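Peer 1: Before I ask anything, here is the structure I am working with.
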Amino acid sequence: MSKAEIEAVWYARLPDKWADAPEWMSFSRLLELEACPRRWSLNSASYSEIWSHQGYPPKVHLAALAGQIIHSALEAIGKALSRAGCSSVTDEHFVSVMRELGGYSKIIEETINNLCDNSQDNPRFASKFNYISTRLQNSVPALREQLQVLTAKLRLQAGVEATTVRGSQNNRGAARSALGNATYPEVELRVEPLRWRGFVDVLSLSDTGCEIVDYKTGMPKPEHEDQVRVYSLLWARDEQLNPTGRTVDCLTLAYSTIDVAVEPPTTTQLDILEQEIVSRSKTALGLAHQTPPPAVPSIHNCGYCPVRQMCGDYWTPQVQQVLAEEVLHETPVTNEDFIDLEIENPKQQTPLSWSALVVLCRALPARSQILIRLSEPTPLLQNIFNSGVRIRVLDALLINQLEEDVSSVYLTKMSEAYIV
């Protein structure tokens with residue numbers, strides 16, 4: 001890999017065009033903008049030297065990938081069951097439908113293969129392709145167990161085929177008409193006057209009820225309840241799919257271990273909720289219109305930020321000191337920690353190690369010596385450390401060696417390095 005090829009991706013450069021404020025708002029987008037407008041903008045900006053897609057190549061998180069796999073697999077099973085007229089796992093045709101699909105493991109394995117194939121143009125994914133695909137394949141038994149639990153929660157209307165209802169803001173010609181009694185997975189709700197949209201995992205309509213179910217693969221969080229309440233508002237205000245303004249009478253958050261019933265908002269509460277999201281959207285969009293938008297550094301915002309390597313506010317002594325203080329208050333002190341650091345003048349000591357000077361780090365003093373080690377040969381990282389004068393390292397494992405003057409940093413499979 002040449003230096004030019006490395007710098008095309010693994011260089012901490014700002015976007016060639018900052019993101020415009022979003023035309024449409026969603027619950028997740030609102031939370032992201034409120035948490036850190038800079039992070040949203042860097043994520044959504046244009047990077048033509050890296051790839052042709054809009055936005056920065058997403059960072060790989062194995063837990064997030066597992067959630068995507070479960071959602072996709074569950075959608076495939078729901079559609080197949082509905083086509084066969086199965087209402088649930090207790091239906092007499094359930095076993096034959098699953099047999100035709102190849103069983104839970106095959107569904108998950110095919111979903112993993114599709115995800116990996118579709119992600120290979122993401123350089124942050126492609127650089128770790130073998131490791132990620134192996135980890136996902138090894139997680140099939142655990143994913144299968146989770147998928148079985150969530151599949152058991154499916155309640156479909158027998159004899160009515162599940163239909164995906166979509167149509168993005170860029171495809172206004174997409175058919176969107178009033179929904180009849182049926183079970184609909186992946187329903188896109190849109191409210192033009194509010195410029196809000198949302199994707200519902202399952203919407204079930206019958207003569208006696210209207211239910212929204214949202215499947216969650218993680219632990220319960222308060223914002224999950226807020227999210228499904230917003231979905232109930234979007235459904236009530238979606239004049240194309242719901243021209244009569246029918247309201248939701250059952251909201252369910254389906255986790256692997258528990259189902260949580262959320263009280264549906266009343267008509268008055270829907271009006272209040274609408275005013276609230278309009279006000280919050282106005283404030284968030286005002287921040288998004290700034291160039292660049294303001295950053296909100298904190299250990300929660302920055303710890304898993306996928307674009308922090310480019311954030312000028314993050315790489316300052318003041319912010320690193322604030323983060324160090326937050327970590328001390330929130331987590332116990334151990335002899336191992338994952339850190340980010342900016343280093344300069346890396347000098348190769350062995351084929352898998354480099355000495356360097358610390359420029360910035362919340363856990364190490366500036367100008368201190370550091371030894372950077374790889375656990376195994378990694379051509380990309382080796383080329384970066386041999387090519388760069390100043391480098392930002394993300395998610396490195398710090399090993400405090402009290403008997404030595406020089407601290408060691410290990411780069412794991414999920415660590416990244418960017419030339420400044």
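As shown in the structure tokens, the chain order sets the letters A, B, ...; within each chain, residues go from 1, and ligands are also counted from 1 in the order they appear.
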Using DSSP secondary structure from the backbone, list all strand (DSSP E) positions within range 194-338 of chain A, as a list in words.
Peer 2: Trp196, Arg197, Gly198, Phe199, Val200, Asp201, Val202, Leu203, Ser204, Leu205, Cys210, Glu211, Ile212, Val213, Asp214, Tyr215, Cys250, Leu251, Thr252, Leu253, Ala254, Asp259, Val260, Ala261, Val262, Glu336, Asp337 and Phe338 of chain A
Peer 1: Could you dump the residues just selected with N, CA and C atoms as an mmCIF file, in the first residue's frame?
Peer 2:
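So selection_16.cif came out as:
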data_model
loop_
_atom_site.group_PDB
_atom_site.id
_atom_site.type_symbol
_atom_site.label_atom_id
_atom_site.label_comp_id
_atom_site.auth_asym_id
_atom_site.auth_seq_id
_atom_site.Cartn_x
_atom_site.Cartn_y
_atom_site.Cartn_z
ATOM 1 N N TRP A 196 -40.734 15.279 9.448
ATOM 2 C CA TRP A 196 -40.278 14.208 10.321
ATOM 3 C C TRP A 196 -40.599 12.864 9.693
ATOM 4 N N ARG A 197 -39.754 11.880 9.974
ATOM 5 C CA ARG A 197 -39.969 10.521 9.484
ATOM 6 C C ARG A 197 -39.445 9.525 10.508
ATOM 7 N N GLY A 198 -39.901 8.288 10.366
ATOM 8 C CA GLY A 198 -39.437 7.238 11.271
ATOM 9 C C GLY A 198 -39.771 5.879 10.711
ATOM 10 N N PHE A 199 -38.966 4.882 11.059
ATOM 11 C CA PHE A 199 -39.181 3.515 10.594
ATOM 12 C C PHE A 199 -39.672 2.652 11.759
ATOM 13 N N VAL A 200 -40.845 2.104 11.593
ATOM 14 C CA VAL A 200 -41.450 1.244 12.608
ATOM 15 C C VAL A 200 -41.126 -0.204 12.260
ATOM 16 N N ASP A 201 -40.678 -0.965 13.244
ATOM 17 C CA ASP A 201 -40.354 -2.372 12.979
ATOM 18 C C ASP A 201 -41.587 -3.150 12.542
ATOM 19 N N VAL A 202 -42.674 -3.029 13.283
ATOM 20 C CA VAL A 202 -43.912 -3.731 12.932
ATOM 21 C C VAL A 202 -45.104 -2.845 13.280
ATOM 22 N N LEU A 203 -45.987 -2.681 12.308
ATOM 23 C CA LEU A 203 -47.263 -1.995 12.520
ATOM 24 C C LEU A 203 -48.366 -2.997 12.222
ATOM 25 N N SER A 204 -49.248 -3.246 13.185
ATOM 26 C CA SER A 204 -50.343 -4.199 13.013
ATOM 27 C C SER A 204 -51.676 -3.462 13.120
ATOM 28 N N LEU A 205 -52.504 -3.634 12.096
ATOM 29 C CA LEU A 205 -53.823 -3.007 12.059
ATOM 30 C C LEU A 205 -54.899 -4.083 11.957
ATOM 31 N N CYS A 210 -54.700 -1.234 16.974
ATOM 32 C CA CYS A 210 -53.603 -0.658 16.188
ATOM 33 C C CYS A 210 -52.363 -0.702 17.079
ATOM 34 N N GLU A 211 -51.387 -1.514 16.692
ATOM 35 C CA GLU A 211 -50.214 -1.724 17.540
ATOM 36 C C GLU A 211 -48.930 -1.428 16.792
ATOM 37 N N ILE A 212 -48.000 -0.809 17.491
ATOM 38 C CA ILE A 212 -46.641 -0.611 16.999
ATOM 39 C C ILE A 212 -45.705 -1.400 17.901
ATOM 40 N N VAL A 213 -44.848 -2.212 17.274
ATOM 41 C CA VAL A 213 -43.856 -2.993 18.015
ATOM 42 C C VAL A 213 -42.472 -2.593 17.525
ATOM 43 N N ASP A 214 -41.589 -2.314 18.456
ATOM 44 C CA ASP A 214 -40.205 -1.988 18.116
ATOM 45 C C ASP A 214 -39.304 -3.011 18.796
ATOM 46 N N TYR A 215 -38.499 -3.709 17.997
ATOM 47 C CA TYR A 215 -37.614 -4.738 18.528
ATOM 48 C C TYR A 215 -36.272 -4.131 18.919
ATOM 49 N N CYS A 250 -51.715 0.484 21.302
ATOM 50 C CA CYS A 250 -50.794 -0.455 21.947
ATOM 51 C C CYS A 250 -49.382 -0.196 21.433
ATOM 52 N N LEU A 251 -48.480 0.132 22.348
ATOM 53 C CA LEU A 251 -47.073 0.327 22.020
ATOM 54 C C LEU A 251 -46.256 -0.706 22.785
ATOM 55 N N THR A 252 -45.392 -1.438 22.066
ATOM 56 C CA THR A 252 -44.616 -2.498 22.709
ATOM 57 C C THR A 252 -43.155 -2.394 22.326
ATOM 58 N N LEU A 253 -42.296 -2.440 23.347
ATOM 59 C CA LEU A 253 -40.861 -2.577 23.138
ATOM 60 C C LEU A 253 -40.504 -4.034 23.423
ATOM 61 N N ALA A 254 -40.051 -4.734 22.384
ATOM 62 C CA ALA A 254 -39.755 -6.157 22.515
ATOM 63 C C ALA A 254 -38.248 -6.371 22.636
ATOM 64 N N ASP A 259 -40.793 -7.970 27.429
ATOM 65 C CA ASP A 259 -41.597 -7.048 26.630
ATOM 66 C C ASP A 259 -42.043 -5.909 27.539
ATOM 67 N N VAL A 260 -41.893 -4.699 27.064
ATOM 68 C CA VAL A 260 -42.276 -3.522 27.835
ATOM 69 C C VAL A 260 -43.444 -2.831 27.144
ATOM 70 N N ALA A 261 -44.568 -2.742 27.836
ATOM 71 C CA ALA A 261 -45.735 -2.037 27.315
ATOM 72 C C ALA A 261 -45.604 -0.557 27.656
ATOM 73 N N VAL A 262 -45.693 0.288 26.639
ATOM 74 C CA VAL A 262 -45.593 1.733 26.820
ATOM 75 C C VAL A 262 -46.988 2.334 26.653
ATOM 76 N N GLU A 336 -5.457 -1.435 33.068
ATOM 77 C CA GLU A 336 -5.677 -1.488 31.635
ATOM 78 C C GLU A 336 -6.783 -0.517 31.270
ATOM 79 N N ASP A 337 -6.601 0.167 30.135
ATOM 80 C CA ASP A 337 -7.607 1.130 29.709
ATOM 81 C C ASP A 337 -7.460 1.340 28.217
ATOM 82 N N PHE A 338 -8.591 1.559 27.540
ATOM 83 C CA PHE A 338 -8.547 1.911 26.129
ATOM 84 C C PHE A 338 -8.503 3.426 26.021
#
Peer 1: Would you mind listing what lies within 12 Å of Ala126 in chain A as a count of residues only, with only C-alpha atoms counted and same-chain residues fewer than 6 positions away left out?
Peer 2: 14
Peer 1: If you take only C-alpha atoms and a cut-off of 12 Å, which residues of range 262-347 of chain A touch range 226-242 of chain A, and what are their nearest atom pairs and distances in Å to one decimal, in chain and number order, as a tab-separated table?
Peer 2:
residue	atom	partner	partner_atom	distance
A:Val262	CA	A:Val228	CA	8.0
A:Glu263	CA	A:Arg229	CA	8.4
A:Pro264	CA	A:Arg229	CA	6.7
A:Pro265	CA	A:Arg229	CA	6.7
A:Thr266	CA	A:Leu233	CA	9.9
A:Thr267	CA	A:Leu233	CA	9.3
A:Thr268	CA	A:Leu233	CA	11.1
A:Gln269	CA	A:Leu233	CA	9.4
A:Leu270	CA	A:Leu233	CA	5.9
A:Asp271	CA	A:Leu233	CA	8.5
A:Ile272	CA	A:Leu233	CA	10.2
A:Leu273	CA	A:Val230	CA	7.6
A:Glu274	CA	A:Leu233	CA	7.3
A:Gln275	CA	A:Leu233	CA	11.0
A:Glu276	CA	A:Val230	CA	10.4
A:Ile277	CA	A:Val230	CA	8.6
A:Val278	CA	A:Val230	CA	11.7
Peer 1: Identify, on the basis of only C-alpha atoms, every residue whose closest approach to Val406 in chain A does not exceed 7 Å; exclude the query and any residue fewer than 5 positions from it along the same chain; express the result as a VMD selection string.
Peer 2: chain A and resid 369 to 371
Peer 1: With only C-alpha atoms as the atoms that count, which of A:Pro351, A:Pro306, A:Pro377, A:Gly312 lies nearest to Arg124 in chain A?
Peer 2: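 The answer is A:Pro306, which sits nearest to Arg124 in chain A.
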Peer 1: Rank A:Ser353, A:Ile391, A:Ser408, A:Glu109 by their smallest atom-to-atom distance to Trp315 in chain A, using only C-alpha atoms, and report the top residue only.
Peer 2: A:Ile391
Peer 1: So which one's closest to Thr244 in chain A, A:Leu194, A:Cys305, A:Leu179, A:Ile112? Using only C-alpha atoms, please.
Peer 2: A:Leu179
Peer 1: Taking the DSSP secondary structure from the backbone, can you list the residues of range 20-253 of chain A that are alpha helix (DSSP H), as a count of residues only?
Peer 2: 105
Peer 1: Write out as a list in words which residues come within 10 Å of His300 in chain A when counting only C-alpha atoms, dropping same-chain ones fewer than 5 positions away.
Peer 2: Ala35, Cys305, Leu323, Glu326 and Val327 of chain A
Peer 1: For each of A:Leu65, A:Leu398, A:Ile77, A:Val95, take the minimum atom-to-atom distance to Asn113 in chain A, counting only C-alpha atoms, then give the residue where this is smallest.
Peer 2: A:Leu65
Peer 1: Name the closest residue to Leu136 in chain A among the candidates A:Leu156, A:Ala66, A:Ala182, A:Ala76; distances are taken between atoms, counting only C-alpha atoms.
Peer 2: A:Ala66
Peer 1: What lies within 8 Å of Ala363 in chain A using only C-alpha atoms, ignoring chain neighbours under 2 positions off, as a short mmCIF file (atom, residue, chain, number, x, y, z; two decimals) with all heavy atoms, in the first residue's frame?
Peer 2:
data_model
loop_
_atom_site.label_atom_id
_atom_site.label_comp_id
_atom_site.auth_asym_id
_atom_site.auth_seq_id
_atom_site.Cartn_x
_atom_site.Cartn_y
_atom_site.Cartn_z
N ALA A 324 -10.29 13.21 31.22
CA ALA A 324 -9.58 12.45 32.25
C ALA A 324 -10.30 12.56 33.59
O ALA A 324 -10.43 11.57 34.33
CB ALA A 324 -8.15 12.96 32.37
N ILE A 339 -7.57 3.91 25.27
CA ILE A 339 -7.34 5.35 25.18
C ILE A 339 -7.15 5.77 23.73
O ILE A 339 -6.94 4.94 22.84
CB ILE A 339 -6.09 5.78 25.99
CG1 ILE A 339 -4.85 5.06 25.43
CG2 ILE A 339 -6.28 5.50 27.47
CD1 ILE A 339 -3.54 5.60 25.96
N CYS A 361 -2.96 13.18 25.22
CA CYS A 361 -3.62 11.96 25.71
C CYS A 361 -4.20 12.27 27.08
O CYS A 361 -3.54 12.93 27.89
CB CYS A 361 -2.61 10.80 25.80
SG CYS A 361 -3.35 9.26 26.39
N PRO A 365 1.10 12.00 30.19
CA PRO A 365 1.58 13.39 30.09
C PRO A 365 2.19 13.68 28.72
O PRO A 365 2.79 12.80 28.09
CB PRO A 365 2.63 13.47 31.21
CG PRO A 365 3.06 12.06 31.44
CD PRO A 365 1.88 11.19 31.15
#
Peer 1: Using only C-alpha atoms, pick whichever of A:Ile70, A:Leu30, A:Ala12, A:Ala142 has the shortest atom-to-atom distance to Ser279 in chain A.
Peer 2: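 Between A:Ile70, A:Leu30, A:Ala12, A:Ala142, the residue approaching Ser279 in chain A most closely is A:Leu30.
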